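*Asks:* For reference, the structure I am asking about is given below.
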Amino acid sequence: MSWVSKTLNSTLGKKLLMALTGIFLILFLVVHLAGNLQLLLPDDGKAFNIYAETMASNPLIRVVGILNFGFIALHAIYSAILTRHNKKSRPVGYAVTNASANSTWSSRNMGILGALILVFILVHLRGFWYEFKFGEIPYVTYDGVTYKDGYTVVAAAYENILYVIFYVVSMGVLAFHLSHGFASAFQTLGINHSKYTPFIKKLGLGFAIIIPALFALIPIIMFLQNS
Amino acid sequence: MNLTLKVWRQKNTSDKGGFKTYKISGISADMSFLEMLDVLNEDLSGKGEDPVHFDHDCREGICGMCSLHINGQPHGPQQTTTCQLHMRSFKDGETITIEPWRANAFPIVKDLVVDRSAFDRIIQSGGYVSVNTGGVPDANEIPIPKVIADESFDAATCIGCGACVAACKNASAMLFVSAKISQLALLPQGKVEKRARAEKMVAQMDAEGFGACTNTGACSAECPKEIKQSNIARMNREYFAASVSTEKV
Ligand code: HEM
Ligand code: SF4
Ligand code: FES
C-alpha cells in the first residue's frame with residue numbers, strides 16, 4: 001500500500017476526508033444561499049435567472065460543481081464506511097446507557113442526520129438541478145437576451161405545502177448536523193487552541209442556526225407570496 | 001442502604017453471559033463502590049456461590065485497574081475512578097446496573113473483567129523514549145517552559161483505565177492514545193521520535209480494532225483524569241505531519 005492510501009485508510013485519515021469534504025460543503029452552502037436569496041428580490045425572478053445562467057456558463061463554476069458532486073459522494077461513502085467500522089468496534093452494546101450525561105445528541109447521531117440530508121439532496125437535485133438542466137423549462141427574455149426561467153420552476157414547486165414542509169424540516173436536520181459538524185471538522189484537522197476553539201464553537205453554532213434558517217425562509221416566503 | 005444490583009455474569013470469553021439480580025442490604029453511604037461489591041462477594045462466597053469477578057488494584061485512583069459501566073456510565077455517575085466512587089452517590093433502594101467495558105478490542109475475561117492488553121500493545125508500539133546509556137544528564141541541562149511541562153504532565157496523568165473507550169459510542173481509543181503521544185511529543189526528550197511514534201501508535205490502535213473518532217467528547221467528559229480533547233487534535237496534527245514528512249514510504 002502506498003503511504004497515501006495507508007494514511008487515508010487509517011481511522012484518522014478517513015476522518016480527515018470527512019472534515020475536508022465537510023468544510024467544502026459548508027463553503028458551498030454559503031455560495032448556494034447567496035444565489036437562492038435572489039429568489040426573494042421583487043423582480044419576478046430576473047436577478048435569479050440571470051445569476052443561474054451566469055453560473056451555469058462559467059467554466060470554473062462548472063468544475064467546482066462537478067467537484068461538489070464528487071465531494072458529496074465522498075462524504076457520504078466515507079460516512080457509511082466510518083459508521084460501519086464504528087458499529088463493529090462495539091459488537092455487543094450496553095443494556096443501560098446515559099449518553100446525554102457526556103455528549104450532545106447531534107454528535108451521536110451524525111450518521112442518521114447525514115442520511116436524511118442525503119435524501120433531501122437527492123430529492124432536491126431531481127426537482128431543481130435535473131429540471132433546470134434536462135427538463136422542459138420555460139424561457140424568458142430580458143433586454144433581448146433569452147434565459148431559462150428557473151424562477152418559475154422553483155415558484156411552482158413551492159406552491160406545494162408538502163414540499164415546503166419537507167424543505168423546512170430538512171433544513172432543521174442540516175442545522176443539527178452542522179451544530180456538531182462545523183466545530184468538529186476543525187478538531188479533526190488538529191485545530192484546537194484555547195484562544196480560537198471557543199470562538200470556532202460559537203461561530204459553528206451561529207452558522208448552524210442562521211444558514212439553514214435563511215434557506216428555509218425562502219420556500220416559506222415564496223409559498224406565502226403565492227397563496 | 002438497601003440496593004438491588006443487576007450484575008453482568010459471564011463464565012468466560014466465549015460464554016453468552018447475562019444479567020443476574022442481587023439484593024444487598026446494610027450498605028453504608030461512606031463505602032466505596034468496590035467495598036459494596038466486596039460485601040456482595042462475601043455474601044455470595046458464604047452461600048457457596050461464585051463471587052462476582054471485577055478488576056481492582058490500588059483502590060486509590062492511581063492504577064487504572066478498576067473499571068465497570070455503572071448505570072450507563074463508565075465509573076458511574078461521578079467523574080472519578082470506581083474505587084473512588086462512594087455509595088453516597090446513590091439513593092437508598094436504587095437499582096444499579098453493572099456492566100463490563102464493551103469494546104471489540106476489550107474481550108471479556110470473566111464477569112466484569114475485560115482484557116485491556118490492547119493498550120499495552122499500543123504503548124509497546126512506540127509509547128516510549130529510546131534512551132542511550134551513558135552519564136546521567138544534569139537536571140537543568142534541558143530547559144522546559146513550565147506551561148509545556150504542565151501540559152505534558154496533564155497528559156501523563158492518564159492511568160490507562162479505558163473509560164474513554166467504554167464511554168465512546170465508537171469504542172474509540174483516541175483519548176488514551178493521544179494522551180500517550182502528547183506527553184512525549186511535548187518534551188524535548190520525546191520530540192526526537194515524535195513523528196515515527198505517532199505513525200506506529202495509530203497503526204497499532206487501528207490494528208487492535210478500536211473505532212474512529214466522531215469528536216463527541218464523551219471520553220473527556222468521563223475520563224477520571226480529565227484528559228482534554230486538545231490532545232486528540234495534537235495527535236491528529238502529529239499523525240498527518242508524520243505521514244507527509246517521514247522518510248518511511
Ligand atoms: C450540505 C451537506 C453537508 C455538510 C455541510 C456536512 C458537513 C459535515 C461536517 C463539517 C462534518 C464534520 C467532520 C468532522 O467531524 O471532522 C460532518 C460529519 C459527518 N457527516 Fe456530513 N455534511 C453534509 C452532508 C452529509 C451527508 C449527505 C451525509 C451522509 C450520507 C453526512 C454524514 C456525515 C457523518 C456520518 C459525519 C460524522 C462522521 C464521523 O465523525 O463519524 N453528511 N459533516
Ligand atoms: S484517557 Fe482518561 S479515560 Fe482514557 S484511559 Fe486515560 S485516564 Fe482512562
Ligand atoms: S483500583 Fe486503582 S484506580 Fe481504581
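Chain identifiers are assigned as A, B, and so on, following the order in which chains appear in the C-alpha cells; residues are numbered from 1 within each chain, and ligands are numbered from 1 in order of appearance.
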Excluding Ser179 in chain A and residues on its chain fewer than 6 positions from it, collect all residues at most 12 Å away from it, counting only C-alpha atoms, and give them as a ChimeraX atom specification.
*Replies:* /A:26,104-110,113,172-173,185,200-212 /B:216
*Asks:* Could you list, as an MDAnalysis selection string, all protein and nucleic acid residues with an atom at most 6 Å from ligand 3, counting only C-alpha atoms and all ligand atoms?
*Replies:* chainID B and resid 56:66 81:83
*Asks:* Would you save the residues of that selection, restricted to C-alpha atoms, as a JSON list (two decimals), in the first residue's frame?
*Replies:*
[["chain", "number", "residue", "atom", "x", "y", "z"],
["B", 56, "HIS", "CA", -9.10, -3.52, 41.02],
["B", 57, "ASP", "CA", -5.68, -2.94, 42.50],
["B", 58, "CYS", "CA", -4.64, 0.30, 44.23],
["B", 59, "ARG", "CA", -8.12, 1.42, 45.29],
["B", 60, "GLU", "CA", -6.84, 4.95, 45.50],
["B", 61, "GLY", "CA", -7.47, 6.18, 41.97],
["B", 62, "ILE", "CA", -3.97, 5.89, 40.57],
["B", 63, "CYS", "CA", -3.52, 2.49, 38.93],
["B", 64, "GLY", "CA", -6.37, 2.48, 36.41],
["B", 65, "MET", "CA", -7.26, -1.14, 37.08],
["B", 66, "CYS", "CA", -10.85, -0.70, 38.28],
["B", 81, "THR", "CA", -12.48, 6.01, 39.21],
["B", 82, "THR", "CA", -14.84, 3.33, 40.50],
["B", 83, "CYS", "CA", -12.63, 2.80, 43.56]]
*Asks:* Could you list, as an NGL selection string, all protein and nucleic acid residues with an atom at most 8 Å from ligand 1, counting only C-alpha atoms and all ligand atoms?
*Replies:* (:A and (15-29 or 72-73 or 75-80 or 82-83 or 86 or 107 or 109-119 or 121 or 174 or 177-178 or 180-189)) or (:B and (212-215))
*Asks:* Name the residues in contact with Asp15 in chain B at a cut-off of 9 Å, using only C-alpha atoms, excluding same-chain residues fewer than 4 positions from it; report them as a list of chain:residue names.
*Replies:*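 Contacts, in chain order: B:Gln10, B:Lys11, B:Lys110.
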*Asks:* Once you count only C-alpha atoms and all ligand atoms, which residues end up within 8 Å of ligand 2, and could you hand them over as a PyMOL selection string?
*Replies:* chain B and resi 64+157-165+173+175-177+179+219-220+222-227
*Asks:* Export, as a PDB file, in the first residue's frame, the selected residues with N, CA, C and O atoms.
*Replies:*
ATOM      1  N   GLY B  64      -5.566   2.639  37.621  1.00  0.00           N
ATOM      2  CA  GLY B  64      -6.371   2.477  36.412  1.00  0.00           C
ATOM      3  C   GLY B  64      -6.929   1.077  36.227  1.00  0.00           C
ATOM      4  O   GLY B  64      -7.450   0.743  35.163  1.00  0.00           O
ATOM      5  N   THR B 157      -1.044  12.094  33.178  1.00  0.00           N
ATOM      6  CA  THR B 157      -1.832  11.571  34.298  1.00  0.00           C
ATOM      7  C   THR B 157      -2.789  10.462  33.858  1.00  0.00           C
ATOM      8  O   THR B 157      -3.420   9.829  34.691  1.00  0.00           O
ATOM      9  N   CYS B 158      -2.917  10.243  32.552  1.00  0.00           N
ATOM     10  CA  CYS B 158      -3.764   9.140  32.067  1.00  0.00           C
ATOM     11  C   CYS B 158      -3.304   7.836  32.695  1.00  0.00           C
ATOM     12  O   CYS B 158      -2.129   7.487  32.660  1.00  0.00           O
ATOM     13  N   ILE B 159      -4.265   7.111  33.307  1.00  0.00           N
ATOM     14  CA  ILE B 159      -3.921   5.880  34.002  1.00  0.00           C
ATOM     15  C   ILE B 159      -4.267   4.634  33.187  1.00  0.00           C
ATOM     16  O   ILE B 159      -4.211   3.513  33.698  1.00  0.00           O
ATOM     17  N   GLY B 160      -4.674   4.851  31.935  1.00  0.00           N
ATOM     18  CA  GLY B 160      -4.930   3.707  31.065  1.00  0.00           C
ATOM     19  C   GLY B 160      -6.096   2.840  31.496  1.00  0.00           C
ATOM     20  O   GLY B 160      -6.092   1.625  31.286  1.00  0.00           O
ATOM     21  N   CYS B 161      -7.125   3.476  32.084  1.00  0.00           N
ATOM     22  CA  CYS B 161      -8.242   2.688  32.605  1.00  0.00           C
ATOM     23  C   CYS B 161      -9.173   2.200  31.499  1.00  0.00           C
ATOM     24  O   CYS B 161      -9.845   1.179  31.644  1.00  0.00           O
ATOM     25  N   GLY B 162      -9.243   2.946  30.399  1.00  0.00           N
ATOM     26  CA  GLY B 162     -10.113   2.538  29.299  1.00  0.00           C
ATOM     27  C   GLY B 162     -11.523   3.095  29.382  1.00  0.00           C
ATOM     28  O   GLY B 162     -12.390   2.723  28.580  1.00  0.00           O
ATOM     29  N   ALA B 163     -11.775   3.999  30.328  1.00  0.00           N
ATOM     30  CA  ALA B 163     -13.120   4.585  30.423  1.00  0.00           C
ATOM     31  C   ALA B 163     -13.470   5.368  29.165  1.00  0.00           C
ATOM     32  O   ALA B 163     -14.638   5.441  28.777  1.00  0.00           O
ATOM     33  N   CYS B 164     -12.429   5.938  28.525  1.00  0.00           N
ATOM     34  CA  CYS B 164     -12.672   6.680  27.287  1.00  0.00           C
ATOM     35  C   CYS B 164     -13.241   5.758  26.212  1.00  0.00           C
ATOM     36  O   CYS B 164     -14.201   6.100  25.521  1.00  0.00           O
ATOM     37  N   VAL B 165     -12.661   4.557  26.091  1.00  0.00           N
ATOM     38  CA  VAL B 165     -13.154   3.582  25.122  1.00  0.00           C
ATOM     39  C   VAL B 165     -14.574   3.160  25.495  1.00  0.00           C
ATOM     40  O   VAL B 165     -15.461   3.075  24.651  1.00  0.00           O
ATOM     41  N   ALA B 173     -10.278   4.628  20.947  1.00  0.00           N
ATOM     42  CA  ALA B 173      -9.230   4.772  21.963  1.00  0.00           C
ATOM     43  C   ALA B 173      -8.433   6.056  21.761  1.00  0.00           C
ATOM     44  O   ALA B 173      -7.338   6.202  22.290  1.00  0.00           O
ATOM     45  N   LEU B 175      -8.564   9.074  22.908  1.00  0.00           N
ATOM     46  CA  LEU B 175      -8.144   9.902  24.041  1.00  0.00           C
ATOM     47  C   LEU B 175      -6.920   9.293  24.710  1.00  0.00           C
ATOM     48  O   LEU B 175      -5.945   9.990  25.009  1.00  0.00           O
ATOM     49  N   PHE B 176      -6.975   7.991  24.939  1.00  0.00           N
ATOM     50  CA  PHE B 176      -5.832   7.297  25.544  1.00  0.00           C
ATOM     51  C   PHE B 176      -4.581   7.467  24.678  1.00  0.00           C
ATOM     52  O   PHE B 176      -3.527   7.912  25.157  1.00  0.00           O
ATOM     53  N   VAL B 177      -4.706   7.121  23.393  1.00  0.00           N
ATOM     54  CA  VAL B 177      -3.533   7.155  22.515  1.00  0.00           C
ATOM     55  C   VAL B 177      -3.000   8.581  22.386  1.00  0.00           C
ATOM     56  O   VAL B 177      -1.787   8.818  22.416  1.00  0.00           O
ATOM     57  N   ALA B 179      -3.214  10.966  24.572  1.00  0.00           N
ATOM     58  CA  ALA B 179      -2.545  11.365  25.821  1.00  0.00           C
ATOM     59  C   ALA B 179      -1.130  10.812  25.830  1.00  0.00           C
ATOM     60  O   ALA B 179      -0.169  11.500  26.197  1.00  0.00           O
ATOM     61  N   CYS B 219     -15.482  10.922  25.861  1.00  0.00           N
ATOM     62  CA  CYS B 219     -14.292  10.392  26.535  1.00  0.00           C
ATOM     63  C   CYS B 219     -13.782  11.354  27.600  1.00  0.00           C
ATOM     64  O   CYS B 219     -13.587  10.978  28.756  1.00  0.00           O
ATOM     65  N   SER B 220     -13.596  12.610  27.200  1.00  0.00           N
ATOM     66  CA  SER B 220     -13.082  13.599  28.156  1.00  0.00           C
ATOM     67  C   SER B 220     -14.064  13.829  29.289  1.00  0.00           C
ATOM     68  O   SER B 220     -13.662  14.047  30.436  1.00  0.00           O
ATOM     69  N   GLU B 222     -15.955  11.703  30.639  1.00  0.00           N
ATOM     70  CA  GLU B 222     -15.983  10.568  31.565  1.00  0.00           C
ATOM     71  C   GLU B 222     -14.607  10.226  32.132  1.00  0.00           C
ATOM     72  O   GLU B 222     -14.497   9.435  33.066  1.00  0.00           O
ATOM     73  N   CYS B 223     -13.558  10.790  31.549  1.00  0.00           N
ATOM     74  CA  CYS B 223     -12.196  10.420  31.954  1.00  0.00           C
ATOM     75  C   CYS B 223     -11.937  10.828  33.402  1.00  0.00           C
ATOM     76  O   CYS B 223     -12.067  11.989  33.761  1.00  0.00           O
ATOM     77  N   PRO B 224     -11.545   9.880  34.262  1.00  0.00           N
ATOM     78  CA  PRO B 224     -11.304  10.232  35.661  1.00  0.00           C
ATOM     79  C   PRO B 224     -10.141  11.215  35.822  1.00  0.00           C
ATOM     80  O   PRO B 224     -10.022  11.857  36.859  1.00  0.00           O
ATOM     81  N   LYS B 225      -9.282  11.312  34.821  1.00  0.00           N
ATOM     82  CA  LYS B 225      -8.137  12.226  34.907  1.00  0.00           C
ATOM     83  C   LYS B 225      -8.343  13.466  34.046  1.00  0.00           C
ATOM     84  O   LYS B 225      -7.399  14.234  33.833  1.00  0.00           O
ATOM     85  N   GLU B 226      -9.541  13.654  33.537  1.00  0.00           N
ATOM     86  CA  GLU B 226      -9.905  14.856  32.770  1.00  0.00           C
ATOM     87  C   GLU B 226      -8.926  15.151  31.634  1.00  0.00           C
ATOM     88  O   GLU B 226      -8.532  16.304  31.412  1.00  0.00           O
ATOM     89  N   ILE B 227      -8.519  14.109  30.928  1.00  0.00           N
ATOM     90  CA  ILE B 227      -7.652  14.294  29.761  1.00  0.00           C
ATOM     91  C   ILE B 227      -8.435  15.080  28.703  1.00  0.00           C
ATOM     92  O   ILE B 227      -9.589  14.771  28.422  1.00  0.00           O
TER      93      ILE B 227
END
*Asks:* When you look at range 95-103 of chain A with a cut-off of 10 Å (counting only C-alpha atoms), what residues show up, excluding the ones that are within fewer than 3 positions of it in the same chain? I need them as a list in words.
*Replies:*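 In the requested format, the answer is Val92, Ser106, Ser107 and Arg108 of chain A; Trp8, Phe19, His69, Ile70, Asn71, Gly72, Gln73, Pro74, Gly76, Pro77, Thr97, Ile98, Glu99, Ala167, Cys168, Lys169, Asn215, Thr216, Gly217, Ala218, Cys219, Ser220, Ala221 and Glu222 of chain B.
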*Asks:* Any chance you could export the current selection's N, CA and C atoms as a CSV table (one decimal), in the first residue's frame?
*Replies:*
chain,number,residue,atom,x,y,z
A,92,VAL,N,-21.2,-5.9,20.9
A,92,VAL,CA,-22.2,-6.0,22.0
A,92,VAL,C,-22.3,-4.7,22.7
A,106,SER,N,-26.7,15.5,18.8
A,106,SER,CA,-26.3,15.7,17.4
A,106,SER,C,-25.0,14.9,17.1
A,107,SER,N,-24.0,15.0,18.1
A,107,SER,CA,-22.7,14.4,17.9
A,107,SER,C,-22.9,12.9,17.8
A,108,ARG,N,-23.9,12.4,18.5
A,108,ARG,CA,-24.0,10.9,18.5
A,108,ARG,C,-24.9,10.4,17.3
B,8,TRP,N,-23.7,-8.1,35.4
B,8,TRP,CA,-23.4,-8.9,34.2
B,8,TRP,C,-22.6,-10.1,34.7
B,19,PHE,N,-27.6,-11.0,32.7
B,19,PHE,CA,-27.7,-10.3,34.0
B,19,PHE,C,-28.2,-11.2,35.1
B,69,HIS,N,-19.1,-0.4,34.1
B,69,HIS,CA,-20.0,0.6,33.5
B,69,HIS,C,-21.3,0.6,34.4
B,70,ILE,N,-21.4,1.6,35.1
B,70,ILE,CA,-22.4,1.7,36.2
B,70,ILE,C,-23.6,2.6,35.8
B,71,ASN,N,-24.8,2.1,35.8
B,71,ASN,CA,-26.0,2.8,35.4
B,71,ASN,C,-25.7,3.7,34.1
B,72,GLY,N,-25.1,3.0,33.2
B,72,GLY,CA,-24.9,3.7,31.9
B,72,GLY,C,-23.7,4.6,31.7
B,73,GLN,N,-22.9,4.6,32.7
B,73,GLN,CA,-21.7,5.5,32.6
B,73,GLN,C,-20.5,4.7,33.1
B,74,PRO,N,-19.3,4.9,32.4
B,74,PRO,CA,-18.1,4.3,32.9
B,74,PRO,C,-17.7,4.9,34.3
B,76,GLY,N,-19.4,5.1,36.7
B,76,GLY,CA,-20.6,5.6,37.4
B,76,GLY,C,-20.8,7.1,37.3
B,77,PRO,N,-21.7,7.6,38.1
B,77,PRO,CA,-22.2,9.0,37.9
B,77,PRO,C,-21.2,10.1,38.2
B,97,THR,N,-27.3,-1.0,37.7
B,97,THR,CA,-26.9,-1.9,36.7
B,97,THR,C,-25.4,-1.8,36.5
B,98,ILE,N,-24.7,-3.0,36.6
B,98,ILE,CA,-23.3,-3.0,36.4
B,98,ILE,C,-22.9,-3.9,35.2
B,99,GLU,N,-22.2,-3.3,34.3
B,99,GLU,CA,-21.8,-4.0,33.1
B,99,GLU,C,-20.3,-3.8,32.9
B,167,ALA,N,-16.8,4.8,27.2
B,167,ALA,CA,-17.8,5.9,27.0
B,167,ALA,C,-18.1,6.2,25.6
B,168,CYS,N,-17.1,6.0,24.7
B,168,CYS,CA,-17.3,6.4,23.3
B,168,CYS,C,-18.3,5.5,22.6
B,169,LYS,N,-19.2,6.1,21.8
B,169,LYS,CA,-20.2,5.4,21.1
B,169,LYS,C,-19.5,4.5,20.0
B,215,ASN,N,-15.6,13.0,17.6
B,215,ASN,CA,-15.5,14.2,18.4
B,215,ASN,C,-16.7,14.5,19.2
B,216,THR,N,-17.3,13.4,19.8
B,216,THR,CA,-18.5,13.7,20.6
B,216,THR,C,-18.0,14.3,22.0
B,217,GLY,N,-16.8,14.0,22.4
B,217,GLY,CA,-16.3,14.5,23.6
B,217,GLY,C,-16.7,13.7,24.8
B,218,ALA,N,-17.4,12.5,24.6
B,218,ALA,CA,-17.8,11.7,25.7
B,218,ALA,C,-16.6,11.2,26.5
B,219,CYS,N,-15.5,10.9,25.9
B,219,CYS,CA,-14.3,10.4,26.5
B,219,CYS,C,-13.8,11.4,27.6
B,220,SER,N,-13.6,12.6,27.2
B,220,SER,CA,-13.1,13.6,28.2
B,220,SER,C,-14.1,13.8,29.3
B,221,ALA,N,-15.4,13.8,29.0
B,221,ALA,CA,-16.4,14.0,30.0
B,221,ALA,C,-16.4,12.9,31.0
B,222,GLU,N,-16.0,11.7,30.6
B,222,GLU,CA,-16.0,10.6,31.6
B,222,GLU,C,-14.6,10.2,32.1
*Asks:* To test your reading of the structure, identify every residue in range 12-221 of chain B that backbone DSSP assigns to helix (DSSP H, G or I), and report it as number ranges by chain.
*Replies:* B: 33-46, 82-84, 87-89, 117-126, 146-156, 163-167, 174-185, 188-191, 194-207, 218-221
*Asks:* How many Å separate CA of Phe71 in chain A from CA of Tyr163 in chain A?
*Replies:*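 Value for the CA of Phe71 in chain A-CA of Tyr163 in chain A distance: 25.9 Å.
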*Asks:* Kindly give the distance, in Å, that separates CA of Ser14 in chain B and CA of Pro51 in chain B, rounded to a single decimal.
*Replies:*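 Interatomic distance, CA of Ser14 in chain B to CA of Pro51 in chain B: 19.1 Å.
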